[in-house]
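Please read the structure below before turning to the comments.
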Amino acid sequence: MGMSGFWAVLQAGTPTPTEAAEPLVRPPWLPDYVPMFGYRLVLAVALVVGSYYFSQLLRQILGRRIARRFKRPSVTRTILRGMQTFIVLSAIMVALSFFGLGFGNLALSVGVFSAVVGIVLAPIIGNILSGVFVLSEQPYEIGDMVEIKDTETKGFVEDITLLYTKVFTLDNTFMVMPNGAMRDRDIVNYSAEDTRIRLTLDVGVTYESDIGTARKQMEAAARHTEGVLKGGPDIRIGSARYPASPTCYVNQFGDSEVLLRLRYWAHEPYKQTAVRSRVMSHVWERFEEHDIEIPYPHSHLVFDDTSGEMQVAMREAAEGPATQQSGATRRDEPENAEGEEGGESSADTETEDDADATGSQ
């Protein structure tokens, strides 16, 4: 058999898209009063529903094996969702073939549709690609506590898909963020490797206070606070090691205060606000017990020969009518009395003027 005969056999054995998309023929056992379209519709719906429940059963069977294999909840959920989607979509394709719609026709329709609405689908495709990077780069995982820096929102990662990331905030609300937006933002992960978190408290004391005592009292206040690491081996971060027990340092000499900085570690990141509040309360109590003063801001003004001139007026306080808080003068006497006093005053002034004139003559 020559090459022409071989190609003829191949062409005869390969069905055309039209032949492959031919709808179901009427079975002989189907009654005549039942329309063929209804039979195909029932069969297609049964196939799709059956494929959905089959995918659910397959997910339960393979879920633990896939979880042990990848050991990441986000990747495990993505693989299981993809497997379910593939099974259901395959069933839908087969169901559409019952009505004469083959894969070739669907591919052509999808291609035209994608060309028309490509601009609309671009953000979705971008989020899917960002989801792939999120799953591969592992910036955060399901169960991690994260903070979105631009909005200062803290919460726990509830779910990660190819399209979005769901965050359960500490205010008992849900945030659904597209993966493209999550990649463009600064995300702080508090519990990726270690749930312990180091906190900082800056407190200023007066120059007259005992700085050594103030430092010891701040350290003791943190050690006696629930949720704070009391001590233990040094905590390693990269190549550096930091003391686990609370430590207070002299941070800065200010204009009216000595700034002390307390560094301490908390066990759980989601309790950092409550722990910080308790530490500040204990520091306040210990400062009052040891007469350590937290100063108010104040300034000293110094004038010398090069500072220019400043006018200063001094006068003795004379007894006068009482003034109200609003600045108005209170007049307790009636107006006619004021008029009489005013008349007497003017008369006295005229008498004095006459005496001066006589003297000058």
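Chains: A, B, ... in order of the structure tokens. Residues: from 1 per chain. Ligands: from 1, in order shown.
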Quick check for you: according to DSSP on this backbone, which residues of region 84-282 of chain A are classed as alpha helix (DSSP H)? Reply as a ChimeraX atom specification. /A:84-97,103-116,118-137,179-184,211-223,272-282
Find the residues around region 167-174 of chain A up to 10 Å (only C-alpha atoms counted), leave out those fewer than 5 positions away in its own chain, and share them as a ChimeraX atom specification. /A:142-147,153-160,270
File of the preceding selection, all heavy atoms, as a short mmCIF file (atom, residue, chain, number, x, y, z; two decimals), in the first residue's frame:
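Listing of again32.cif after writing:
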```
data_model
loop_
_atom_site.label_atom_id
_atom_site.label_comp_id
_atom_site.auth_asym_id
_atom_site.auth_seq_id
_atom_site.Cartn_x
_atom_site.Cartn_y
_atom_site.Cartn_z
N ILE A 142 -2.51 30.34 54.66
CA ILE A 142 -3.79 30.29 55.37
C ILE A 142 -3.52 30.11 56.87
O ILE A 142 -2.79 29.22 57.28
CB ILE A 142 -4.66 29.14 54.82
CG1 ILE A 142 -5.02 29.41 53.36
CG2 ILE A 142 -5.92 28.98 55.65
CD1 ILE A 142 -5.78 28.28 52.71
N GLY A 143 -4.14 30.98 57.66
CA GLY A 143 -3.94 30.96 59.11
C GLY A 143 -2.95 31.98 59.61
O GLY A 143 -2.88 32.23 60.82
N ASP A 144 -2.16 32.62 58.72
CA ASP A 144 -1.18 33.61 59.14
C ASP A 144 -1.88 34.92 59.48
O ASP A 144 -2.89 35.29 58.89
CB ASP A 144 -0.15 33.87 58.05
CG ASP A 144 0.79 32.69 57.87
OD1 ASP A 144 0.78 31.79 58.73
OD2 ASP A 144 1.53 32.67 56.86
N MET A 145 -1.31 35.64 60.45
CA MET A 145 -1.78 36.97 60.77
C MET A 145 -0.98 37.98 59.96
O MET A 145 0.25 38.02 60.03
CB MET A 145 -1.64 37.27 62.27
CG MET A 145 -2.13 38.66 62.65
SD MET A 145 -1.97 39.01 64.41
CE MET A 145 -2.55 40.71 64.44
N VAL A 146 -1.67 38.82 59.19
CA VAL A 146 -1.02 39.77 58.32
C VAL A 146 -1.57 41.16 58.60
O VAL A 146 -2.62 41.33 59.22
CB VAL A 146 -1.24 39.42 56.83
CG1 VAL A 146 -0.61 38.07 56.51
CG2 VAL A 146 -2.72 39.42 56.48
N GLU A 147 -0.85 42.17 58.12
CA GLU A 147 -1.28 43.56 58.22
C GLU A 147 -1.08 44.22 56.87
O GLU A 147 -0.01 44.13 56.27
CB GLU A 147 -0.49 44.32 59.28
CG GLU A 147 -0.88 45.79 59.38
CD GLU A 147 -0.03 46.56 60.37
OE1 GLU A 147 0.89 45.94 60.96
OE2 GLU A 147 -0.26 47.77 60.54
N THR A 153 -4.78 47.58 58.43
CA THR A 153 -5.78 46.56 58.74
C THR A 153 -5.06 45.26 59.07
O THR A 153 -4.23 44.79 58.29
CB THR A 153 -6.74 46.35 57.56
OG1 THR A 153 -7.36 47.60 57.24
CG2 THR A 153 -7.81 45.33 57.90
N LYS A 154 -5.41 44.67 60.21
CA LYS A 154 -4.81 43.42 60.64
C LYS A 154 -5.87 42.33 60.64
O LYS A 154 -7.03 42.59 60.94
CB LYS A 154 -4.19 43.56 62.04
CG LYS A 154 -3.07 44.57 62.12
CD LYS A 154 -2.54 44.68 63.54
CE LYS A 154 -1.46 45.74 63.64
NZ LYS A 154 -0.95 45.88 65.03
N GLY A 155 -5.45 41.13 60.31
CA GLY A 155 -6.37 40.00 60.30
C GLY A 155 -5.67 38.71 59.96
O GLY A 155 -4.44 38.66 59.81
N PHE A 156 -6.47 37.66 59.84
CA PHE A 156 -5.96 36.32 59.54
C PHE A 156 -6.36 35.93 58.12
O PHE A 156 -7.49 36.21 57.70
CB PHE A 156 -6.49 35.30 60.54
CG PHE A 156 -6.01 35.51 61.95
CD1 PHE A 156 -6.74 36.28 62.84
CD2 PHE A 156 -4.83 34.95 62.38
CE1 PHE A 156 -6.31 36.49 64.14
CE2 PHE A 156 -4.38 35.14 63.67
CZ PHE A 156 -5.11 35.91 64.55
N VAL A 157 -5.44 35.29 57.42
CA VAL A 157 -5.72 34.82 56.07
C VAL A 157 -6.67 33.63 56.17
O VAL A 157 -6.33 32.60 56.75
CB VAL A 157 -4.43 34.44 55.33
CG1 VAL A 157 -4.74 33.92 53.94
CG2 VAL A 157 -3.50 35.64 55.26
N GLU A 158 -7.85 33.77 55.60
CA GLU A 158 -8.87 32.74 55.66
C GLU A 158 -8.81 31.79 54.47
O GLU A 158 -9.00 30.59 54.61
CB GLU A 158 -10.25 33.39 55.74
CG GLU A 158 -11.41 32.42 55.87
CD GLU A 158 -11.47 31.78 57.24
OE1 GLU A 158 -10.79 32.29 58.17
OE2 GLU A 158 -12.19 30.77 57.41
N ASP A 159 -8.52 32.33 53.29
CA ASP A 159 -8.51 31.50 52.09
C ASP A 159 -7.68 32.18 51.02
O ASP A 159 -7.59 33.42 50.96
CB ASP A 159 -9.94 31.27 51.58
CG ASP A 159 -10.01 30.14 50.56
OD1 ASP A 159 -8.98 29.46 50.37
OD2 ASP A 159 -11.07 29.94 49.95
N ILE A 160 -7.04 31.38 50.16
CA ILE A 160 -6.25 31.86 49.03
C ILE A 160 -6.68 31.09 47.79
O ILE A 160 -6.62 29.86 47.78
CB ILE A 160 -4.73 31.68 49.26
CG1 ILE A 160 -4.29 32.39 50.54
CG2 ILE A 160 -3.93 32.21 48.07
CD1 ILE A 160 -2.84 32.13 50.91
N TYR A 270 -1.67 38.73 67.81
CA TYR A 270 -2.99 39.33 67.80
C TYR A 270 -3.38 39.91 69.15
O TYR A 270 -4.42 40.54 69.29
CB TYR A 270 -4.04 38.30 67.36
CG TYR A 270 -4.15 37.07 68.22
CD1 TYR A 270 -4.99 37.05 69.33
CD2 TYR A 270 -3.42 35.93 67.93
CE1 TYR A 270 -5.08 35.93 70.13
CE2 TYR A 270 -3.50 34.81 68.72
CZ TYR A 270 -4.34 34.81 69.81
OH TYR A 270 -4.42 33.68 70.60
#
```
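The interatomic distance for the pair CA of Thr195 (chain A) and CA of Glu268 (chain A) works out to 5.8 Å.
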Between A:Phe37, A:Arg263, A:Arg77, A:Ile92, smallest distance to Ser51 (chain A) by only C-alpha atoms belongs to A:Ile92
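Proximity to Met280 (chain A) was assessed for A:Leu262, A:Ile235, A:Ile148, A:Leu58 counting only C-alpha atoms; the smallest distance is recorded for A:Leu262.
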If I take CA of Ser245 (chain A) and CA of Leu229 (chain A), how far is one from the other in Å, to one decimal? 6.2 Å
In region 64-216 of chain A, DSSP strand (DSSP E or B) residues written as a ChimeraX atom specification: /A:145-148,153-160,164-169,174-178,187-189,197-205
For those residues, write C-alpha atoms to a file as a PDB file, in the first residue's frame.
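The new file again36.pdb reads:
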```pdb
ATOM      1  CA  MET A 145      -1.784  36.974  60.768  1.00  0.00           C
ATOM      2  CA  VAL A 146      -1.022  39.775  58.315  1.00  0.00           C
ATOM      3  CA  GLU A 147      -1.281  43.561  58.218  1.00  0.00           C
ATOM      4  CA  ILE A 148      -2.043  45.686  55.154  1.00  0.00           C
ATOM      5  CA  THR A 153      -5.778  46.561  58.741  1.00  0.00           C
ATOM      6  CA  LYS A 154      -4.807  43.423  60.643  1.00  0.00           C
ATOM      7  CA  GLY A 155      -6.370  40.003  60.303  1.00  0.00           C
ATOM      8  CA  PHE A 156      -5.955  36.324  59.542  1.00  0.00           C
ATOM      9  CA  VAL A 157      -5.725  34.821  56.066  1.00  0.00           C
ATOM     10  CA  GLU A 158      -8.868  32.736  55.663  1.00  0.00           C
ATOM     11  CA  ASP A 159      -8.513  31.503  52.089  1.00  0.00           C
ATOM     12  CA  ILE A 160      -6.246  31.864  49.029  1.00  0.00           C
ATOM     13  CA  TYR A 164      -8.476  36.546  45.392  1.00  0.00           C
ATOM     14  CA  THR A 165      -7.290  36.335  48.998  1.00  0.00           C
ATOM     15  CA  LYS A 166      -9.808  36.411  51.826  1.00  0.00           C
ATOM     16  CA  VAL A 167      -8.718  38.046  55.106  1.00  0.00           C
ATOM     17  CA  PHE A 168     -10.709  37.763  58.337  1.00  0.00           C
ATOM     18  CA  THR A 169      -9.950  41.015  60.186  1.00  0.00           C
ATOM     19  CA  PHE A 174     -14.121  39.891  55.887  1.00  0.00           C
ATOM     20  CA  MET A 175     -11.916  41.492  53.266  1.00  0.00           C
ATOM     21  CA  VAL A 176     -11.768  39.928  49.797  1.00  0.00           C
ATOM     22  CA  MET A 177      -8.726  41.345  48.019  1.00  0.00           C
ATOM     23  CA  PRO A 178      -7.784  40.522  44.391  1.00  0.00           C
ATOM     24  CA  ILE A 187       1.960  43.067  53.540  1.00  0.00           C
ATOM     25  CA  VAL A 188       3.420  42.428  57.002  1.00  0.00           C
ATOM     26  CA  ASN A 189       3.263  38.779  58.053  1.00  0.00           C
ATOM     27  CA  ILE A 197       6.643  39.508  68.211  1.00  0.00           C
ATOM     28  CA  ARG A 198       8.872  42.222  69.641  1.00  0.00           C
ATOM     29  CA  LEU A 199       7.215  45.444  70.796  1.00  0.00           C
ATOM     30  CA  THR A 200       8.670  48.848  71.662  1.00  0.00           C
ATOM     31  CA  LEU A 201       7.606  51.410  74.252  1.00  0.00           C
ATOM     32  CA  ASP A 202       9.181  54.900  74.424  1.00  0.00           C
ATOM     33  CA  VAL A 203       8.778  56.876  77.664  1.00  0.00           C
ATOM     34  CA  GLY A 204      10.411  60.178  78.594  1.00  0.00           C
ATOM     35  CA  VAL A 205      11.472  61.053  82.165  1.00  0.00           C
TER      36      VAL A 205
END
```
Need the shell around region 264-266 of chain A: protein/DNA/RNA residues with any atom at most 12 Å away, counting only C-alpha atoms. Skip same-chain ones fewer than 3 positions apart. Format as a ChimeraX atom specification? /A:190,194-202,218-232,234-235,242-249,261,269-276,278-279
Export of the given selection (C-alpha atoms) as a PDB file, in the first residue's frame:
```pdb
ATOM      1  CA  TYR A 190       3.332  38.406  61.837  1.00  0.00           C
ATOM      2  CA  ASP A 194       7.454  32.487  64.602  1.00  0.00           C
ATOM      3  CA  THR A 195       4.388  33.811  66.436  1.00  0.00           C
ATOM      4  CA  ARG A 196       6.491  35.786  68.918  1.00  0.00           C
ATOM      5  CA  ILE A 197       6.643  39.508  68.211  1.00  0.00           C
ATOM      6  CA  ARG A 198       8.872  42.222  69.641  1.00  0.00           C
ATOM      7  CA  LEU A 199       7.215  45.444  70.796  1.00  0.00           C
ATOM      8  CA  THR A 200       8.670  48.848  71.662  1.00  0.00           C
ATOM      9  CA  LEU A 201       7.606  51.410  74.252  1.00  0.00           C
ATOM     10  CA  ASP A 202       9.181  54.900  74.424  1.00  0.00           C
ATOM     11  CA  MET A 218      10.245  49.652  83.161  1.00  0.00           C
ATOM     12  CA  GLU A 219      11.876  46.238  82.752  1.00  0.00           C
ATOM     13  CA  ALA A 220      10.155  44.922  85.880  1.00  0.00           C
ATOM     14  CA  ALA A 221       6.791  46.260  84.704  1.00  0.00           C
ATOM     15  CA  ALA A 222       7.096  44.311  81.455  1.00  0.00           C
ATOM     16  CA  ARG A 223       8.273  41.111  83.168  1.00  0.00           C
ATOM     17  CA  HIS A 224       5.229  41.111  85.465  1.00  0.00           C
ATOM     18  CA  THR A 225       2.770  41.542  82.595  1.00  0.00           C
ATOM     19  CA  GLU A 226       0.775  38.598  81.284  1.00  0.00           C
ATOM     20  CA  GLY A 227       1.622  37.678  77.707  1.00  0.00           C
ATOM     21  CA  VAL A 228       5.207  38.974  77.843  1.00  0.00           C
ATOM     22  CA  LEU A 229       8.248  36.686  77.677  1.00  0.00           C
ATOM     23  CA  LYS A 230       9.895  36.789  81.084  1.00  0.00           C
ATOM     24  CA  GLY A 231      13.263  35.513  79.869  1.00  0.00           C
ATOM     25  CA  GLY A 232      14.988  32.491  78.420  1.00  0.00           C
ATOM     26  CA  ASP A 234      18.219  34.669  73.164  1.00  0.00           C
ATOM     27  CA  ILE A 235      15.860  34.875  70.203  1.00  0.00           C
ATOM     28  CA  TYR A 242      18.200  39.503  70.830  1.00  0.00           C
ATOM     29  CA  PRO A 243      17.585  39.030  74.571  1.00  0.00           C
ATOM     30  CA  ALA A 244      14.254  37.393  75.326  1.00  0.00           C
ATOM     31  CA  SER A 245      13.765  39.253  78.613  1.00  0.00           C
ATOM     32  CA  PRO A 246      12.539  42.885  78.602  1.00  0.00           C
ATOM     33  CA  THR A 247      15.367  45.370  78.206  1.00  0.00           C
ATOM     34  CA  CYS A 248      15.310  49.161  78.605  1.00  0.00           C
ATOM     35  CA  TYR A 249      17.814  51.477  76.910  1.00  0.00           C
ATOM     36  CA  ARG A 261      13.091  52.787  75.073  1.00  0.00           C
ATOM     37  CA  PRO A 269       0.775  38.884  67.696  1.00  0.00           C
ATOM     38  CA  TYR A 270      -2.992  39.329  67.799  1.00  0.00           C
ATOM     39  CA  LYS A 271      -2.792  40.322  71.501  1.00  0.00           C
ATOM     40  CA  GLN A 272      -0.164  43.013  71.047  1.00  0.00           C
ATOM     41  CA  THR A 273      -2.559  45.920  71.681  1.00  0.00           C
ATOM     42  CA  ALA A 274      -3.788  44.486  74.988  1.00  0.00           C
ATOM     43  CA  VAL A 275      -0.261  43.530  76.074  1.00  0.00           C
ATOM     44  CA  ARG A 276       1.046  46.988  75.250  1.00  0.00           C
ATOM     45  CA  ARG A 278      -1.021  46.451  80.316  1.00  0.00           C
ATOM     46  CA  VAL A 279       2.688  47.204  80.133  1.00  0.00           C
TER      47      VAL A 279
END
```
Could you name the residues that touch Thr161 (chain A) at 12 Å or less, counting only C-alpha atoms, but leaving out those on the same chain fewer than 6 positions away, as a PyMOL selection string? chain A and resi 73-82+127-135+141-142+167+176-180
